[in-house]
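K.L.:
Sharing a structure, written as structure tokens. Questions coming.
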Amino acid sequence: MSVFDHPEFDNHEHVAFYHDEKAGLSAIIAVHNTNLGPALGGCRMWPYVNSGEALTDVLRLSKGMTYKAAMANLELGGGKSVIIGDPRKAKSPEMMKAMGKFVESLGGKYFTAEDSGISVTDLQTMATQSDYIAGVQAQYHYAGEVPDGNPAPSTAYGVFVGLKATVEYGLKRSLDGVSVAIQGMGHVGYRLAKHLHEHGAKLYVADIYPEGVEKAVSELGATAVAPEEILSLDVDVLAPCALGAAINDQTLPAIKATVIAGAANNQLAREDIGELLQQRGILYAPDYVINAGGVIDIFHQRMESSSNEALRTHIEQIGETLKEIYTRAEQEGAATNRVANVIAEERFSIKG
């Protein structure tokens, strides 16, 4: 199958494949749209079953970044990169240098940053080979802490702000006593859990790796749940914070939560699942809106005239943007993801 015939191909501007046998690198970069500015999107390393699965992921993720940047009012386009391999077993400095060369080869059309399986240290290694690596230096932190270049704290704070706004709109209550099931206890999922715990939420957590779950149980009083059970818990809020497509034809019938608000990209396996959620009275926070804190952070780190306060204020706008989407969706009788798409497309198509 040609990439142009792929079901997730959406008039992407640039899709590049790179293989360095000596470094053990097989990677793909997808640039979806650069009407508003150069494409920005993290680099994900994951043990994909095959290159077809990796291509599907990078096409969906890069498109999502275009919409995310537009909804966050950033002068950026959307792109993404994926490395095929287990980050816990196959990663090496040589691989990261090779990835840096790959990013450099696009000449600034695409900037990469941190994502699943990639750390700030990995980005610093990539940066020895490319000028287009974001997140290796940081000046600002939304909470005034010492910044280290990791956008995960800002992503988690943005998801928290968005989840809070969604609960206020959909459940007409505060977070105190609200039950939340979090799928994924990685860098973002754990930080989200900590914010929720501080505001009195009751937490249920799951992950394929035990470390984050054990930490949430011991430090936050969370209840550990098997990964295969987390989506079907009888809770107020479901927060997908792992990989995409968690809400699909198989999982949807078992979902009991009345709010879905999490950090994962591409949470809906198909766009029309948004209508199915709407029909069931489930309020869905469009993922690329609620999880934009990280890209907002990276944007501010590139600005010479920003500040901790400006970064925090920008992230907190996520809540108001979501309420605008919910209000419009309710007025139009439309699914929230469809409304968000329309608004984003109006923004990034202006220069098209």
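Every chain in the structure tokens takes a letter, A first, then B, and so on in the order presented; its residues are numbered from 1, and the ligands are numbered from 1 following the presented order.
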Per DSSP on the backbone, what are the helix (DSSP H, G or I) residues of range 234-296 of chain A, as a ChimeraX atom specification?
P.N.:
/A:252-254,273-279,287-290,293-296
K.L.:
Keeping only all heavy atoms, write the selected residues to a file as a compact mmCIF listing (two decimals), in the first residue's frame.
P.N.:
```
# COMPACT_ATOMS: atom_id res chain seq x y z
N LEU A 252 -15.87 0.54 24.13
CA LEU A 252 -16.96 1.51 24.32
C LEU A 252 -18.16 0.96 25.08
O LEU A 252 -18.66 1.62 26.01
CB LEU A 252 -17.39 2.07 22.97
CG LEU A 252 -18.52 3.11 23.00
CD1 LEU A 252 -18.12 4.32 23.83
CD2 LEU A 252 -18.88 3.53 21.57
N PRO A 253 -18.67 -0.23 24.76
CA PRO A 253 -19.87 -0.72 25.44
C PRO A 253 -19.70 -0.87 26.96
O PRO A 253 -20.69 -0.80 27.70
CB PRO A 253 -20.13 -2.08 24.78
CG PRO A 253 -19.48 -1.97 23.43
CD PRO A 253 -18.26 -1.15 23.68
N ALA A 254 -18.46 -1.07 27.42
CA ALA A 254 -18.24 -1.33 28.85
C ALA A 254 -17.96 -0.06 29.65
O ALA A 254 -17.90 -0.11 30.88
CB ALA A 254 -17.08 -2.30 29.02
N ILE A 273 -16.93 7.79 16.71
CA ILE A 273 -17.14 7.35 18.09
C ILE A 273 -17.56 8.55 18.94
O ILE A 273 -18.24 8.40 19.96
CB ILE A 273 -15.89 6.65 18.65
CG1 ILE A 273 -15.75 5.26 17.98
CG2 ILE A 273 -15.96 6.50 20.17
CD1 ILE A 273 -14.57 4.47 18.44
N GLY A 274 -17.20 9.74 18.51
CA GLY A 274 -17.63 10.94 19.21
C GLY A 274 -19.15 11.03 19.28
O GLY A 274 -19.72 11.38 20.33
N GLU A 275 -19.82 10.69 18.18
CA GLU A 275 -21.29 10.69 18.17
C GLU A 275 -21.85 9.61 19.09
O GLU A 275 -22.88 9.82 19.76
CB GLU A 275 -21.82 10.48 16.76
CG GLU A 275 -21.87 11.73 15.90
CD GLU A 275 -20.54 12.09 15.27
OE1 GLU A 275 -19.63 11.24 15.24
OE2 GLU A 275 -20.40 13.22 14.82
N LEU A 276 -21.18 8.46 19.14
CA LEU A 276 -21.64 7.38 20.02
C LEU A 276 -21.53 7.79 21.48
O LEU A 276 -22.41 7.47 22.29
CB LEU A 276 -20.84 6.11 19.74
CG LEU A 276 -20.95 5.54 18.31
CD1 LEU A 276 -20.06 4.32 18.16
CD2 LEU A 276 -22.39 5.22 17.96
N LEU A 277 -20.46 8.49 21.83
CA LEU A 277 -20.31 8.99 23.19
C LEU A 277 -21.40 10.02 23.50
O LEU A 277 -22.00 10.01 24.58
CB LEU A 277 -18.93 9.62 23.37
CG LEU A 277 -17.73 8.68 23.31
CD1 LEU A 277 -16.43 9.47 23.32
CD2 LEU A 277 -17.74 7.69 24.47
N GLN A 278 -21.65 10.90 22.54
CA GLN A 278 -22.69 11.91 22.72
C GLN A 278 -24.05 11.26 22.97
O GLN A 278 -24.79 11.66 23.86
CB GLN A 278 -22.75 12.80 21.48
CG GLN A 278 -23.83 13.87 21.54
CD GLN A 278 -24.11 14.46 20.17
OE1 GLN A 278 -23.74 13.89 19.14
NE2 GLN A 278 -24.78 15.60 20.15
N GLN A 279 -24.36 10.22 22.19
CA GLN A 279 -25.64 9.54 22.33
C GLN A 279 -25.80 8.88 23.70
O GLN A 279 -26.91 8.77 24.22
CB GLN A 279 -25.78 8.49 21.22
CG GLN A 279 -25.94 9.07 19.83
CD GLN A 279 -25.74 8.04 18.73
OE1 GLN A 279 -25.75 6.82 18.99
NE2 GLN A 279 -25.55 8.50 17.51
N ASP A 287 -9.00 15.24 22.80
CA ASP A 287 -7.66 15.01 23.35
C ASP A 287 -6.66 16.08 22.97
O ASP A 287 -5.86 16.53 23.80
CB ASP A 287 -7.14 13.62 22.97
CG ASP A 287 -7.35 13.29 21.50
OD1 ASP A 287 -6.92 14.08 20.65
OD2 ASP A 287 -7.94 12.24 21.22
N TYR A 288 -6.68 16.53 21.72
CA TYR A 288 -5.66 17.49 21.32
C TYR A 288 -5.89 18.88 21.90
O TYR A 288 -5.01 19.74 21.83
CB TYR A 288 -5.53 17.56 19.80
CG TYR A 288 -6.79 17.98 19.05
CD1 TYR A 288 -7.16 19.30 18.97
CD2 TYR A 288 -7.57 17.03 18.41
CE1 TYR A 288 -8.30 19.69 18.28
CE2 TYR A 288 -8.71 17.39 17.73
CZ TYR A 288 -9.08 18.74 17.65
OH TYR A 288 -10.20 19.10 16.97
N VAL A 289 -7.05 19.10 22.49
CA VAL A 289 -7.30 20.35 23.20
C VAL A 289 -6.82 20.24 24.64
O VAL A 289 -6.06 21.09 25.14
CB VAL A 289 -8.80 20.71 23.18
CG1 VAL A 289 -9.04 22.02 23.94
CG2 VAL A 289 -9.31 20.83 21.75
N ILE A 290 -7.22 19.18 25.32
CA ILE A 290 -6.90 19.05 26.74
C ILE A 290 -5.43 18.74 27.00
O ILE A 290 -4.89 19.10 28.05
CB ILE A 290 -7.81 17.98 27.40
CG1 ILE A 290 -7.75 18.09 28.93
CG2 ILE A 290 -7.44 16.57 26.93
CD1 ILE A 290 -8.76 17.20 29.64
N GLY A 293 -0.85 21.26 26.88
CA GLY A 293 0.08 21.93 27.78
C GLY A 293 1.54 21.77 27.40
O GLY A 293 2.34 22.70 27.53
N GLY A 294 1.91 20.58 26.92
CA GLY A 294 3.30 20.32 26.56
C GLY A 294 3.76 21.15 25.37
O GLY A 294 4.86 21.74 25.40
N VAL A 295 2.95 21.22 24.34
CA VAL A 295 3.35 21.99 23.16
C VAL A 295 3.32 23.49 23.47
O VAL A 295 4.14 24.25 22.95
CB VAL A 295 2.45 21.65 21.95
CG1 VAL A 295 1.05 22.19 22.10
CG2 VAL A 295 3.06 22.17 20.65
N ILE A 296 2.42 23.91 24.36
CA ILE A 296 2.41 25.31 24.81
C ILE A 296 3.72 25.62 25.55
O ILE A 296 4.34 26.66 25.35
CB ILE A 296 1.19 25.58 25.72
CG1 ILE A 296 -0.11 25.51 24.90
CG2 ILE A 296 1.32 26.94 26.41
CD1 ILE A 296 -1.37 25.56 25.75
```
K.L.:
Could you list, as number ranges by chain, every residue within 9 Å of Val235 in chain A, counting only C-alpha atoms and ignoring same-chain residues fewer than 3 positions away?
P.N.:
A: 178-181, 204, 232, 238, 256-259
K.L.:
For the residues in the current selection, export N, CA, C and O atoms as an mmCIF file, in the first residue's frame.
P.N.:
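Saved result, selection25.cif, follows:
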```
data_model
loop_
_atom_site.group_PDB
_atom_site.id
_atom_site.type_symbol
_atom_site.label_atom_id
_atom_site.label_comp_id
_atom_site.auth_asym_id
_atom_site.auth_seq_id
_atom_site.Cartn_x
_atom_site.Cartn_y
_atom_site.Cartn_z
ATOM 1 N N VAL A 178 -14.760 13.232 43.557
ATOM 2 C CA VAL A 178 -14.978 12.672 42.217
ATOM 3 C C VAL A 178 -14.070 11.465 42.017
ATOM 4 O O VAL A 178 -12.890 11.486 42.369
ATOM 5 N N SER A 179 -14.608 10.392 41.475
ATOM 6 C CA SER A 179 -13.814 9.184 41.214
ATOM 7 C C SER A 179 -13.251 9.227 39.795
ATOM 8 O O SER A 179 -13.969 9.492 38.840
ATOM 9 N N VAL A 180 -11.947 8.983 39.693
ATOM 10 C CA VAL A 180 -11.251 9.079 38.407
ATOM 11 C C VAL A 180 -10.427 7.820 38.172
ATOM 12 O O VAL A 180 -9.624 7.426 39.020
ATOM 13 N N ALA A 181 -10.618 7.197 37.020
ATOM 14 C CA ALA A 181 -9.824 6.033 36.618
ATOM 15 C C ALA A 181 -8.784 6.498 35.610
ATOM 16 O O ALA A 181 -9.138 7.014 34.542
ATOM 17 N N TYR A 204 -8.204 5.639 40.833
ATOM 18 C CA TYR A 204 -8.015 4.247 40.436
ATOM 19 C C TYR A 204 -7.009 4.279 39.285
ATOM 20 O O TYR A 204 -7.186 5.037 38.321
ATOM 21 N N SER A 232 -13.457 -0.037 32.250
ATOM 22 C CA SER A 232 -14.850 -0.403 32.535
ATOM 23 C C SER A 232 -15.263 -0.138 33.979
ATOM 24 O O SER A 232 -16.344 -0.551 34.396
ATOM 25 N N LEU A 238 -13.129 8.960 33.308
ATOM 26 C CA LEU A 238 -12.120 8.077 32.746
ATOM 27 C C LEU A 238 -11.055 8.957 32.106
ATOM 28 O O LEU A 238 -11.363 9.815 31.275
ATOM 29 N N LYS A 256 -18.439 3.065 31.767
ATOM 30 C CA LYS A 256 -19.506 3.538 32.665
ATOM 31 C C LYS A 256 -19.309 4.996 33.083
ATOM 32 O O LYS A 256 -20.220 5.607 33.637
ATOM 33 N N ALA A 257 -18.130 5.550 32.849
ATOM 34 C CA ALA A 257 -17.858 6.936 33.220
ATOM 35 C C ALA A 257 -18.740 7.880 32.410
ATOM 36 O O ALA A 257 -19.096 7.586 31.264
ATOM 37 N N THR A 258 -19.059 9.016 32.994
ATOM 38 C CA THR A 258 -19.852 10.018 32.282
ATOM 39 C C THR A 258 -18.995 11.158 31.735
ATOM 40 O O THR A 258 -19.501 12.028 31.023
ATOM 41 N N VAL A 259 -17.703 11.142 32.069
ATOM 42 C CA VAL A 259 -16.748 12.105 31.529
ATOM 43 C C VAL A 259 -15.503 11.353 31.081
ATOM 44 O O VAL A 259 -15.018 10.471 31.799
#
```
K.L.:
Do you know which residues are at most 10 Å from Pro286 in chain A counting only C-alpha atoms, after dropping those on the same chain fewer than 6 positions away, and could you put them as a list in words?
P.N.:
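These residues fall inside the cut-off: Lys68, Gly162, Ile260, Ala261, Gly262, Ala263, Asn265, Asn266, Gln267, Leu268, Gly274, Leu322, Ile325, Ala335, Thr336, Asn337, Arg338, Val339, Ala340 and Asn341 of chain A.
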K.L.:
Write out, as CSV, each residue of range 140-216 of chain A that has an atom at most 9 Å from range 101-124 of chain A, together with the closest pair of atoms and their distance in Å to one decimal, counting only C-alpha atoms, rows going by chain and rising number.
P.N.:
```
residue,atom,partner,partner_atom,distance
A:Asp148,CA,A:Val120,CA,8.0
A:Gly149,CA,A:Val120,CA,6.6
A:Asn150,CA,A:Val120,CA,6.2
A:Pro151,CA,A:Glu114,CA,7.4
A:Ala152,CA,A:Glu114,CA,8.5
A:Gly186,CA,A:Ser116,CA,8.5
A:His187,CA,A:Ser116,CA,8.7
```
K.L.:
Which residue is closest to Arg88 in chain A? Choose from A:Tyr132, A:Tyr67, A:Tyr209, A:Tyr140 and count only C-alpha atoms.
P.N.:
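Under the stated criterion, the closest residue is A:Tyr209.
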K.L.:
As a ChimeraX atom specification, please: all residues of range 138-268 of chain A that backbone DSSP puts in strand (DSSP E or B).
P.N.:
/A:179-183,202-206,223-224,237-240,247,259-260,268
K.L.:
Using Å and a single decimal, report how far CA of Ala70 in chain A sits from CA of Arg44 in chain A.
P.N.:
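Taking CA of Arg44 in chain A as the start and CA of Ala70 in chain A as the end point, the length is 21.4 Å.
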K.L.:
Applying 10 Å and only C-alpha atoms, which residues near Glu94 in chain A remain after dropping the ones on its own chain fewer than 3 positions away? List them as an MDAnalysis selection string.
P.N.:
chainID A and resid 20 22:25 91 97:100 125:126
K.L.:
Interatomic distance between CA of Gly184 in chain A and CA of Val82 in chain A?
P.N.:
19.3 Å
K.L.:
Ranking A:Glu332, A:Glu316, A:Asp5, A:Asp236 by minimum distance to Val161 in chain A and counting only C-alpha atoms, which one comes first?
P.N.:
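Nearest candidate to Val161 in chain A out of A:Glu332, A:Glu316, A:Asp5, A:Asp236: A:Glu316.
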K.L.:
Of the residues A:Ala285, A:Lys215, A:Ala292, A:Leu311, which is the one nearest to Thr66 in chain A, using only C-alpha atoms?
P.N.:
A:Ala292
K.L.:
Can you work out the spacing between CA of Ala246 in chain A and CA of Ala39 in chain A in Å, to one decimal?
P.N.:
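So the answer is 25.7 Å.
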K.L.:
Env of Val205 in chain A: 6 Å cut, atoms = only C-alpha atoms, seq-sep filter 3 positions within chain, self excluded. Answer as an NGL selection string.
P.N.:
:A and (181-182 or 224-225)
K.L.:
Restricted to N, CA and C atoms, what would the selected residues look like written as a short mmCIF file (atom, residue, chain, number, x, y, z; two decimals), in the first residue's frame?
P.N.:
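Result went into out.cif, see below:
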```cif
data_model
loop_
_atom_site.label_atom_id
_atom_site.label_comp_id
_atom_site.auth_asym_id
_atom_site.auth_seq_id
_atom_site.Cartn_x
_atom_site.Cartn_y
_atom_site.Cartn_z
N ALA A 181 -10.62 7.20 37.02
CA ALA A 181 -9.82 6.03 36.62
C ALA A 181 -8.78 6.50 35.61
N ILE A 182 -7.51 6.36 35.94
CA ILE A 182 -6.43 6.81 35.07
C ILE A 182 -5.75 5.60 34.43
N ALA A 224 -5.05 0.29 42.95
CA ALA A 224 -4.50 -0.33 41.75
C ALA A 224 -5.56 -1.20 41.08
N VAL A 225 -5.60 -1.12 39.76
CA VAL A 225 -6.56 -1.88 38.98
C VAL A 225 -5.83 -2.56 37.83
#
```
K.L.:
Env of His199 in chain A: 9 Å cut, atoms = only C-alpha atoms, seq-sep filter 5 positions within chain, self excluded. Answer as a PDB file with N, CA, C and O atoms, in the first residue's frame.
P.N.:
```pdb
ATOM      1  N   SER A 174     -17.339  20.133  42.015  1.00  0.00           N
ATOM      2  CA  SER A 174     -15.891  20.278  42.123  1.00  0.00           C
ATOM      3  C   SER A 174     -15.246  18.900  42.055  1.00  0.00           C
ATOM      4  O   SER A 174     -15.927  17.881  41.976  1.00  0.00           O
ATOM      5  N   LEU A 175     -13.929  18.864  42.133  1.00  0.00           N
ATOM      6  CA  LEU A 175     -13.212  17.587  42.057  1.00  0.00           C
ATOM      7  C   LEU A 175     -13.243  16.808  43.367  1.00  0.00           C
ATOM      8  O   LEU A 175     -12.952  15.611  43.378  1.00  0.00           O
ATOM      9  N   ASP A 176     -13.584  17.461  44.459  1.00  0.00           N
ATOM     10  CA  ASP A 176     -13.582  16.796  45.762  1.00  0.00           C
ATOM     11  C   ASP A 176     -14.566  15.624  45.759  1.00  0.00           C
ATOM     12  O   ASP A 176     -15.769  15.808  45.574  1.00  0.00           O
ATOM     13  N   GLY A 177     -14.043  14.420  45.938  1.00  0.00           N
ATOM     14  CA  GLY A 177     -14.871  13.224  45.971  1.00  0.00           C
ATOM     15  C   GLY A 177     -15.164  12.603  44.625  1.00  0.00           C
ATOM     16  O   GLY A 177     -15.777  11.523  44.555  1.00  0.00           O
ATOM     17  N   LYS A 194      -1.405  13.181  40.857  1.00  0.00           N
ATOM     18  CA  LYS A 194      -0.993  13.985  42.017  1.00  0.00           C
ATOM     19  C   LYS A 194      -1.847  15.242  42.127  1.00  0.00           C
ATOM     20  O   LYS A 194      -2.302  15.608  43.222  1.00  0.00           O
TER      21      LYS A 194
END
```
